[in-house]
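Student: Have a peek at final_20.txt (compact mmCIF, C-alpha atoms).
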```txt
# COMPACT_ATOMS: atom_id res chain seq x y z
CA MET A 17 174.20 44.07 38.79
CA THR A 18 171.15 43.52 40.95
CA CYS A 19 170.50 39.95 42.02
CA PHE A 20 167.00 38.92 40.96
CA LEU A 21 166.87 36.47 43.87
CA LEU A 22 167.14 39.36 46.32
CA PRO A 23 164.66 41.99 45.10
CA ASP A 24 164.18 43.47 48.56
CA ALA A 25 165.25 43.21 52.18
CA GLU A 26 162.42 40.80 52.99
CA ALA A 27 163.61 38.26 50.41
CA LEU A 28 167.19 38.54 51.66
CA THR A 29 166.08 37.99 55.25
CA ALA A 30 164.04 34.91 54.30
CA LEU A 31 166.97 33.41 52.39
CA LYS A 32 169.36 34.05 55.29
CA VAL A 33 167.00 32.48 57.82
CA ALA A 34 166.53 29.38 55.65
CA LEU A 35 170.23 28.86 55.01
CA LYS A 36 171.38 29.55 58.55
CA ALA A 37 168.72 27.22 59.97
CA GLU A 38 169.85 24.46 57.63
CA LYS A 39 173.52 24.71 58.44
CA PRO A 40 174.39 27.20 61.15
CA GLY A 41 177.89 28.55 61.05
CA THR A 42 179.93 31.64 61.58
CA GLU A 43 179.36 33.06 58.11
CA SER A 44 178.23 36.63 57.88
CA ASP A 45 175.17 37.88 56.06
CA ALA A 46 177.55 39.21 53.42
CA ASP A 47 178.64 35.63 52.60
CA ILE A 48 175.04 34.63 51.93
CA THR A 49 174.54 37.70 49.76
CA LEU A 50 177.69 36.87 47.79
CA ALA A 51 176.48 33.30 47.25
CA ALA A 52 173.10 34.54 45.99
CA GLU A 53 174.74 37.09 43.69
CA ALA A 54 177.07 34.41 42.30
CA ALA A 55 174.05 32.18 41.57
CA CYS A 56 172.22 35.02 39.79
CA GLU A 57 175.30 35.89 37.77
CA TYR A 58 175.76 32.23 36.77
CA ILE A 59 172.15 31.92 35.59
CA GLU A 60 172.19 35.18 33.66
CA GLY A 61 175.51 34.17 32.09
CA ARG A 62 174.01 30.92 30.82
CA CYS A 63 170.46 32.09 30.04
CA GLY A 64 170.66 35.84 29.52
CA PRO A 65 168.78 38.48 31.51
CA VAL A 66 165.79 37.07 33.36
CA THR A 67 164.25 40.42 34.29
CA SER A 68 163.58 43.61 32.38
CA GLU A 69 161.81 46.90 32.91
CA ALA A 70 158.69 45.40 31.38
CA SER A 71 158.97 42.29 33.57
CA PRO A 72 160.85 43.19 36.77
CA ILE A 73 160.01 39.92 38.57
CA ALA A 74 162.13 36.91 37.66
CA PRO A 75 160.32 33.79 36.40
CA ALA A 76 159.78 30.93 38.83
CA TRP A 77 162.33 28.66 37.10
CA ALA A 78 165.08 31.27 37.57
CA ILE A 79 164.27 31.90 41.23
CA THR A 80 164.16 28.17 41.98
CA ALA A 81 167.43 27.52 40.13
CA ALA A 82 169.10 30.43 41.95
CA ARG A 83 167.96 29.10 45.33
CA ILE A 84 169.30 25.62 44.50
CA ILE A 85 172.66 27.03 43.40
CA THR A 86 172.84 29.36 46.42
CA ARG A 87 172.15 26.45 48.76
CA GLN A 88 174.88 24.41 47.03
CA LEU A 89 177.37 27.27 47.35
CA TRP A 90 176.43 27.74 50.99
CA ARG A 91 176.91 24.03 51.73
CA THR A 92 180.18 23.60 49.84
CA GLN A 93 181.78 26.92 50.77
CA LEU A 94 180.93 26.75 54.48
CA GLY A 95 184.03 27.84 56.34
CA ARG A 96 185.67 29.22 53.22
CA THR A 97 185.66 32.66 51.74
CA LEU A 98 183.27 33.43 48.91
CA ASP A 99 185.72 35.87 47.36
CA PRO A 100 184.30 36.75 43.93
CA ASN A 101 187.88 37.08 42.61
CA ALA A 102 188.83 33.53 43.63
CA SER A 103 189.72 31.30 40.69
CA ALA A 104 187.93 28.17 41.93
CA GLY A 105 184.60 27.48 40.27
CA PHE A 106 181.64 25.41 41.31
CA LEU A 107 179.30 22.87 39.78
CA ALA A 108 175.66 23.80 39.60
CA PRO A 109 173.42 21.01 40.87
CA ARG A 110 171.69 18.95 38.21
CA ALA A 111 168.26 20.12 39.38
CA ALA A 112 169.23 23.74 38.68
CA GLU A 113 170.72 22.87 35.29
CA GLU A 114 167.52 21.05 34.31
CA LEU A 115 165.45 24.12 35.19
CA MET A 116 167.77 26.35 33.17
CA ALA A 117 168.21 24.06 30.12
CA PRO A 118 165.19 25.27 28.10
CA HIS A 119 166.39 28.86 28.57
CA TYR A 120 170.09 28.54 27.64
CA LEU A 121 171.46 31.11 25.26
CA PRO A 122 172.31 29.70 21.81
CA PRO A 123 175.98 29.04 21.16
CA LEU A 124 177.83 31.89 19.44
CA GLY A 125 179.62 29.58 17.02
CA PHE A 126 183.15 28.32 16.68
CA ALA A 127 186.30 30.31 17.26
```
In structure tokens, write the structure found in this file.

Tutor:
Amino acid sequence: MTCFLLPDAEALTALKVALKAEKPGTESDADITLAAEAACEYIEGRCGPVTSEASPIAPAWAITAARIITRQLWRTQLGRTLDPNASAGFLAPRAAEELMAPHYLPPLGFA
């Protein structure tokens, strides 16, 4: 899966600079990439695909929500591993949830 928040190297560099300036630490660039990918996966899990071949650029609401969630992951996971196989979850900030709410996938029904 390609993270819509990181369409190219320039976007990844800008995100890394912003996060490291906000809270410098010993985390590697890979940790920031994992946080961004986790945010994109969370949004697409709740709202469905946000890009397509016809529309390869993600909408502004999705990019903003992904940045908010990535920043939250970066702040709360600082000093911890961002192992994608770890069982601990995270709470998306309310601001991100409010951006995503109009785009949530409909429920599939009852089991």

Student: Would you work out the distance separating CA of Ala30 in chain A from CA of Thr49 in chain A, expressed in Å to one decimal?

Tutor: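 CA of Thr49 in chain A lies at a distance of 11.8 Å from CA of Ala30 in chain A.
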
Student: When you count all atoms listed in the file, which of these residues is closest to Phe20 in chain A: A:Ile48, A:Leu124, A:Ala74, A:Leu35?

Tutor: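 Checking each of A:Ile48, A:Leu124, A:Ala74, A:Leu35 against Phe20 in chain A, counting all atoms listed in the file, the winner is A:Ala74.
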
Student: So what do you get for CA of Met116 in chain A versus CA of Ala46 in chain A, distance-wise?

Tutor: 25.9 Å

Student: Show which residues sit within 9 Å of His119 in chain A, as an MDAnalysis selection string. Count all atoms listed in the file, and ignore same-chain residues fewer than 6 positions away.

Tutor: chainID A and resid 62:64

Student: Restricting the output to C-alpha atoms, write the selected residues as a short mmCIF file (atom, residue, chain, number, x, y, z; two decimals), in the frame of the given file.

Tutor:
```cif
data_model
loop_
_atom_site.label_atom_id
_atom_site.label_comp_id
_atom_site.auth_asym_id
_atom_site.auth_seq_id
_atom_site.Cartn_x
_atom_site.Cartn_y
_atom_site.Cartn_z
CA ARG A 62 174.01 30.92 30.82
CA CYS A 63 170.46 32.09 30.04
CA GLY A 64 170.66 35.84 29.52
#
```

Student: When distances are computed from all atoms listed in the file, which of A:Gln93, A:Thr80, A:Ser68, A:Gln88 shows the smallest separation from Leu115 in chain A?

Tutor: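 Among the listed residues, A:Thr80 lies closest to Leu115 in chain A.
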
Student: Between CA of Leu28 in chain A and CA of Ala78 in chain A, what is the distance in Å, rounded to a tenth?

Tutor: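 It comes out at 16.0 Å.
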
Student: Using only C-alpha atoms, which of the listed residues (A:Lys36, A:Ala117, A:Ile79, A:Asp47) sits closest to Leu22 in chain A?

Tutor: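 Among the listed residues, A:Ile79 lies closest to Leu22 in chain A.
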
Student: In terms of the shortest atom-to-atom distance over all atoms listed in the file, which of A:Ala27, A:Cys19, A:Ala111, A:Leu121 is closest to Glu53 in chain A?

Tutor: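 Closest residue, counting all atoms listed in the file: A:Cys19.
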
Student: Could you check the closest approach to Ala112 in chain A for each of A:Arg83, A:Trp90, A:Thr29, A:Cys56 and tell me which residue wins, using only C-alpha atoms?

Tutor: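 Residue with the minimum atom-to-atom distance to Ala112 in chain A: A:Arg83.
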